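Below is one structure; the comments refer to it alone.
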Amino acid sequence: MSKIKAENVNVYYGSKQALFDVSIDIAEKEVTALIGPSGCGKSTFLRCLNRMNDVIEICRVEGSIKMDNLELNSRKLDVVRLRENVGMVFQKPNPFPKTIYENVAYGPTIHGIAQSKEEMDQIVETSLKKAALWNEVKDRLDEIGTGLSGGQQQRLCIARAISVSPEVILMDEPCSALDPIATAQIEELIDDLKKEVTIVIVTHSMSQAARVSQKTGFFHLGKLIEFGPTDKIFKNPDNQQTQDYITGRFG
Amino acid sequence: MNLILVTFIILLAFTSYYFGRKKALVIQSSQRLTALPKFYGYYLAAWCAAPALIIFVLWSVFEPSIVKTFILQDYTDQNLTKNELQLIYTKVKALAVGTYTGNITNFLDESANKYIQLKGIANSAKVAIILAILIFSLSFAYRSVQKNDRMREPVEIFLKWVLFVASLGAVLVTIGIIFSLLFEAIRFFQAVKIFDFIFGTHWYPAKTFVRDGQPDPELMKDAFGAVPLFAGTFFIAFIAMCVAIPIGLLSGIYLSEYAGRGVRKYAKPIIEILAGIPTVVYGFFAALTVGPFVKEIGNAMGLEVSSESALAAGAVMGVMIIPFISSLSDDVITAVPQNLRDGSYAMGATKSETVKKVIFPAALPGIVGSILLAVSRAVGETMIVVMASGLAANLTMNPLESTSTITAQIVVILIGDQQFGDPKTQSAFALGISLFIVTLFLNVIALSVVKRYREKYE
Ligand SMILES: Nc1ncnc2c1ncn2[C@@H]1O[C@H](COP(=O)(O)OP(=O)(O)OP(=O)(O)O)[C@@H](O)[C@H]1O
Ligand SMILES: [Mg+2]
């Protein structure tokens, strides 16, 4: 079933166009990987899905992006609600300079999700468990989040994102700052999460896309060149450019 | 004479620079150069100017005291005190340059002639020696250039020493100031007990504290109690911070987080202009506009307000400090990494929630640092207090009364007639050093807080 349906999305930074007529159907409770050479607009597209492009003054988005038939690219949309439903994990781990507990409790506090201290404790614990971080930090929840290792910080950010039980999680190269072990942990996590959430992940690692995703989209120069089941894209792509990129002949 | 000499040395140095560079080009035609041609020029110029200027400076420093010794030799048999000798020497000098107006004794006349003679000899000797040094060092340097010695290292070493001397000068001046403060303050504390100074609650330095021709410690005790001054200083600084912190901080947050690029481009310089207004201008603004205004409002409300009030001075001082806080906190907030903002927005936080819960706490150490710097600025401010809050050192916590500060009292003490060696004059040094310690303390804390903040994000 389709969760997000983007149609003819064009994005401009000032007068420079970064995305050209991108149309894509993102299926529910699946992992969709976006690949492509640097600067092709993967992050830009990802940021359309939770309206993070609003933060960039010069950025303008055109076209239609529907999530469960709700138009996202509309002035009337409540961005706060949207972002509660669509979480995001960034390339560089960015925990707040607060305690581990406060980091995870941040979203639930803002959205008034927990009614009591016990409920909040429960949310923090579940989120950290889902992010496979609970065992490592359960005795030091009141330590500063920025004091964790890079991989732990990234899992903390994932815990922070899932604390408000979003329906969609966007991940922009979540493993690019991590070592292979931490990467493997996160990939395992993604596998678990997709039972409940829809995940869109940008990655530069072909093998990662092949391992974690069910659908893959290949971007080049701001256009979505090819989109389809991951198996097909990797084994038998229709497009020559896709073929070249995947086999490492350009990019 | 001296001016001509120095100009000559400098001109010669410039000439030798061009000469050295040209010489290098000549050498280049037959050998490989050891450095770029300009280094040959620097080398010659440095050897030309440095030794001659060093000797010149040393000579100028020592010549007067040597001449003085020679002149005063003739007076050693008269059993005079140091002060009397100094007086005689002043007279001799005045006579020699023709500005003396008293009656001229033979002896004085003789000394004056001797002085003129000595000066003449010294001057010719100086010129001769410096010329000799110029010739010697230039020919030495020229020989090296001719031999095509290594040029870059000596020039680098020379530059290192120039920089070293400059910083040494700055450090020595600082140390000198601190020690002269300390020295006079110690003399003050020989007359007034340090305990009475720190804990005494009466400050009337104008009071006579001499009984039977001797300073009376009992009377002095009541004249030099610094508590009212410290209290006044911190009280006025407190009022100032009550004005400056909210306005400065909020405008800093507005500028860094909310203002568009256009607003920021104009608003920031305009706020910073506030920092460029001379404090005297703030002072008469406080004394002539704000003071009477406060008094009028107070009177209308049936309050007793003196026309010089701590409130007026503090409020205007606060306005003066706004740009420090707003500009520094703007910088600190802007320096908070963008990815923290993104993280917060992506969680669905609004702008004000992001500012309150993420950005402000992250920037807090830097903000505290900037506030402490502003406090030390407020504590050291003089002009506004002198003009707007009066000079009477009342011990009061009523913002509508007049009170005085350490800096204002130093002005009071040192304005008009004063005598060195008088406890009243020396008390200014004691106040100065206490103020210095307070601001130093604040600055050290501020800097260490700011530094800790930097480490956290870099
Ligand atoms: N804030 C911005 N302002 C102006 N131009 C931008 C901005 N962000 C991105 N762009 C431009 O938009 C285009 C797409 O950028 P985007 O960040 O989406 O690429 P990407 O595919 O994520 O690349 P990478 O793999 O390197 O992260 C690039 O040409 C880039 O220069
Ligand atoms: Mg990117």
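Naming works like this for the structure tokens: A, B, ... for the chains as they're shown, residue 1 at the start of each chain, ligands 1 onward in shown order.
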Compute the set of protein, DNA and RNA residues whose minimum atom distance to ligand 1 is at most 9 Å, using only C-alpha atoms and all ligand atoms, and state it as an mmCIF file with N, CA and C atoms, in the first residue's frame.
data_model
loop_
_atom_site.group_PDB
_atom_site.id
_atom_site.type_symbol
_atom_site.label_atom_id
_atom_site.label_comp_id
_atom_site.auth_asym_id
_atom_site.auth_seq_id
_atom_site.Cartn_x
_atom_site.Cartn_y
_atom_site.Cartn_z
ATOM 1 N N VAL A 11 12.166 21.359 -7.084
ATOM 2 C CA VAL A 11 12.689 22.149 -5.973
ATOM 3 C C VAL A 11 13.735 23.119 -6.505
ATOM 4 N N TYR A 12 13.664 24.348 -6.023
ATOM 5 C CA TYR A 12 14.618 25.381 -6.429
ATOM 6 C C TYR A 12 15.329 25.931 -5.201
ATOM 7 N N TYR A 13 16.639 26.117 -5.322
ATOM 8 C CA TYR A 13 17.381 26.915 -4.330
ATOM 9 C C TYR A 13 17.656 28.243 -4.997
ATOM 10 N N GLY A 14 16.906 29.278 -4.631
ATOM 11 C CA GLY A 14 17.023 30.539 -5.352
ATOM 12 C C GLY A 14 16.591 30.294 -6.785
ATOM 13 N N LYS A 16 18.353 28.342 -8.790
ATOM 14 C CA LYS A 16 18.935 27.084 -9.241
ATOM 15 C C LYS A 16 17.969 25.932 -8.941
ATOM 16 N N GLN A 17 17.658 25.165 -9.974
ATOM 17 C CA GLN A 17 16.731 24.057 -9.770
ATOM 18 C C GLN A 17 17.497 22.823 -9.323
ATOM 19 N N ALA A 18 17.036 22.195 -8.231
ATOM 20 C CA ALA A 18 17.752 21.038 -7.697
ATOM 21 C C ALA A 18 17.026 19.727 -7.978
ATOM 22 N N LEU A 19 15.681 19.773 -8.113
ATOM 23 C CA LEU A 19 14.930 18.560 -8.439
ATOM 24 C C LEU A 19 14.024 18.842 -9.636
ATOM 25 N N LEU A 34 17.301 5.563 -1.372
ATOM 26 C CA LEU A 34 17.569 6.521 -2.441
ATOM 27 C C LEU A 34 19.076 6.549 -2.655
ATOM 28 N N ILE A 35 19.491 6.269 -3.887
ATOM 29 C CA ILE A 35 20.923 6.289 -4.170
ATOM 30 C C ILE A 35 21.190 7.252 -5.320
ATOM 31 N N GLY A 36 22.461 7.546 -5.522
ATOM 32 C CA GLY A 36 22.834 8.447 -6.600
ATOM 33 C C GLY A 36 24.093 9.204 -6.252
ATOM 34 N N PRO A 37 24.755 9.752 -7.267
ATOM 35 C CA PRO A 37 26.015 10.465 -7.000
ATOM 36 C C PRO A 37 25.783 11.722 -6.161
ATOM 37 N N SER A 38 26.833 12.211 -5.572
ATOM 38 C CA SER A 38 26.766 13.366 -4.682
ATOM 39 C C SER A 38 26.184 14.581 -5.400
ATOM 40 N N GLY A 39 25.301 15.302 -4.721
ATOM 41 C CA GLY A 39 24.736 16.525 -5.289
ATOM 42 C C GLY A 39 23.565 16.287 -6.219
ATOM 43 N N CYS A 40 23.059 15.056 -6.285
ATOM 44 C CA CYS A 40 21.990 14.762 -7.244
ATOM 45 C C CYS A 40 20.622 15.090 -6.669
ATOM 46 N N GLY A 41 20.527 15.449 -5.395
ATOM 47 C CA GLY A 41 19.249 15.893 -4.854
ATOM 48 C C GLY A 41 18.559 14.902 -3.938
ATOM 49 N N LYS A 42 19.262 13.902 -3.465
ATOM 50 C CA LYS A 42 18.642 12.910 -2.579
ATOM 51 C C LYS A 42 18.197 13.553 -1.270
ATOM 52 N N SER A 43 19.109 14.303 -0.644
ATOM 53 C CA SER A 43 18.747 14.947 0.631
ATOM 54 C C SER A 43 17.633 15.943 0.413
ATOM 55 N N THR A 44 17.726 16.676 -0.685
ATOM 56 C CA THR A 44 16.695 17.664 -0.982
ATOM 57 C C THR A 44 15.325 17.000 -1.049
ATOM 58 N N PHE A 45 15.259 15.879 -1.719
ATOM 59 C CA PHE A 45 13.971 15.188 -1.813
ATOM 60 C C PHE A 45 13.504 14.695 -0.444
ATOM 61 N N LEU A 46 14.455 14.133 0.305
ATOM 62 C CA LEU A 46 14.112 13.620 1.629
ATOM 63 C C LEU A 46 13.523 14.734 2.494
ATOM 64 N N ARG A 47 14.145 15.918 2.403
ATOM 65 C CA ARG A 47 13.684 17.025 3.241
ATOM 66 C C ARG A 47 12.314 17.548 2.822
ATOM 67 N N ASN A 53 12.790 21.602 4.292
ATOM 68 C CA ASN A 53 13.261 22.648 3.384
ATOM 69 C C ASN A 53 12.744 24.026 3.799
ATOM 70 N N ILE A 56 15.323 26.331 5.163
ATOM 71 C CA ILE A 56 16.246 27.012 4.247
ATOM 72 C C ILE A 56 15.504 28.135 3.547
ATOM 73 N N GLU A 57 15.961 29.369 3.813
ATOM 74 C CA GLU A 57 15.226 30.543 3.357
ATOM 75 C C GLU A 57 14.994 30.554 1.849
ATOM 76 N N ILE A 58 16.043 30.191 1.079
ATOM 77 C CA ILE A 58 15.947 30.379 -0.369
ATOM 78 C C ILE A 58 15.281 29.208 -1.082
ATOM 79 N N CYS A 59 14.844 28.209 -0.319
ATOM 80 C CA CYS A 59 14.349 26.998 -0.954
ATOM 81 C C CYS A 59 12.854 27.092 -1.287
ATOM 82 N N GLN A 91 22.762 12.707 8.896
ATOM 83 C CA GLN A 91 24.044 12.088 8.534
ATOM 84 C C GLN A 91 25.016 12.105 9.709
ATOM 85 N N ASP A 172 19.053 10.171 6.512
ATOM 86 C CA ASP A 172 19.963 10.722 5.506
ATOM 87 C C ASP A 172 21.379 10.234 5.783
ATOM 88 N N GLU A 173 21.803 9.229 5.071
ATOM 89 C CA GLU A 173 23.122 8.623 5.267
ATOM 90 C C GLU A 173 23.416 8.396 6.746
ATOM 91 N N VAL A 202 18.590 7.430 2.649
ATOM 92 C CA VAL A 202 19.547 7.843 1.617
ATOM 93 C C VAL A 202 20.867 7.181 1.958
ATOM 94 N N THR A 203 21.509 6.572 0.982
ATOM 95 C CA THR A 203 22.793 5.956 1.294
ATOM 96 C C THR A 203 23.742 6.011 0.110
ATOM 97 N N HIS A 204 25.013 6.041 0.416
ATOM 98 C CA HIS A 204 26.036 5.991 -0.629
ATOM 99 C C HIS A 204 26.584 4.590 -0.792
ATOM 100 N N PHE A 219 18.767 8.469 -8.309
ATOM 101 C CA PHE A 219 18.719 9.883 -8.705
ATOM 102 C C PHE A 219 19.972 10.235 -9.482
ATOM 103 N N HIS A 220 19.784 11.111 -10.481
ATOM 104 C CA HIS A 220 20.960 11.647 -11.152
ATOM 105 C C HIS A 220 20.637 13.054 -11.641
ATOM 106 N N LEU A 221 21.483 14.013 -11.276
ATOM 107 C CA LEU A 221 21.311 15.415 -11.678
ATOM 108 C C LEU A 221 19.896 15.932 -11.425
ATOM 109 N N GLY A 222 19.363 15.591 -10.262
ATOM 110 C CA GLY A 222 18.066 16.139 -9.886
ATOM 111 C C GLY A 222 16.871 15.395 -10.463
#
Neighbours of chain B in chain A at 6 Å, counting only C-alpha atoms, as a PyMOL selection string: chain A and resi 80+83-84+94+107
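The interatomic distance for the pair CA of Arg51 in chain A and CA of Leu82 in chain A works out to 8.3 Å.
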Residues within 12 Å of range 100-106 of chain B, please, as a PyMOL selection string. Count only C-alpha atoms; anything in the same chain fewer than 5 positions from it doesn't count. chain B and resi 88-95+111-113
Write out as a list in words each polymer residue whose atoms come within 7 Å of range 309-314 of chain B, counting only C-alpha atoms; drop sequence neighbours fewer than 4 positions from it. Ile236, Ala237, Ile239, Ala240, Ala286, Val290, Gly291, Val294, Gly318, Ile384, Val385, Ala388, Ser389, Pro399, Leu400, Glu401, Ser402 and Thr403 of chain B
So that I can see what lies close to range 178-193 of chain A, please list as a short mmCIF file (atom, residue, chain, number, x, y, z; two decimals) with C-alpha atoms, in the first residue's frame the residues with an atom at most 8 Å from it, counting only C-alpha atoms and leaving out residues fewer than 5 positions away in the same chain.
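Output saved as out.cif:
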data_model
loop_
_atom_site.label_atom_id
_atom_site.label_comp_id
_atom_site.auth_asym_id
_atom_site.auth_seq_id
_atom_site.Cartn_x
_atom_site.Cartn_y
_atom_site.Cartn_z
CA LYS A 130 13.94 -0.33 20.12
CA ALA A 131 17.08 1.59 19.21
CA ALA A 132 19.16 -1.23 20.76
CA GLY A 150 29.54 8.07 17.49
CA GLY A 151 27.56 4.89 16.92
CA GLN A 152 25.81 5.22 20.27
CA ARG A 155 21.31 5.18 17.92
CA ILE A 199 11.51 4.08 6.24
CA GLN A 208 23.69 -1.20 2.29
CA VAL A 212 18.16 -3.14 3.90
#
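The space between CA of Ile162 in chain A and CA of Thr334 in chain B spans 28.6 Å.
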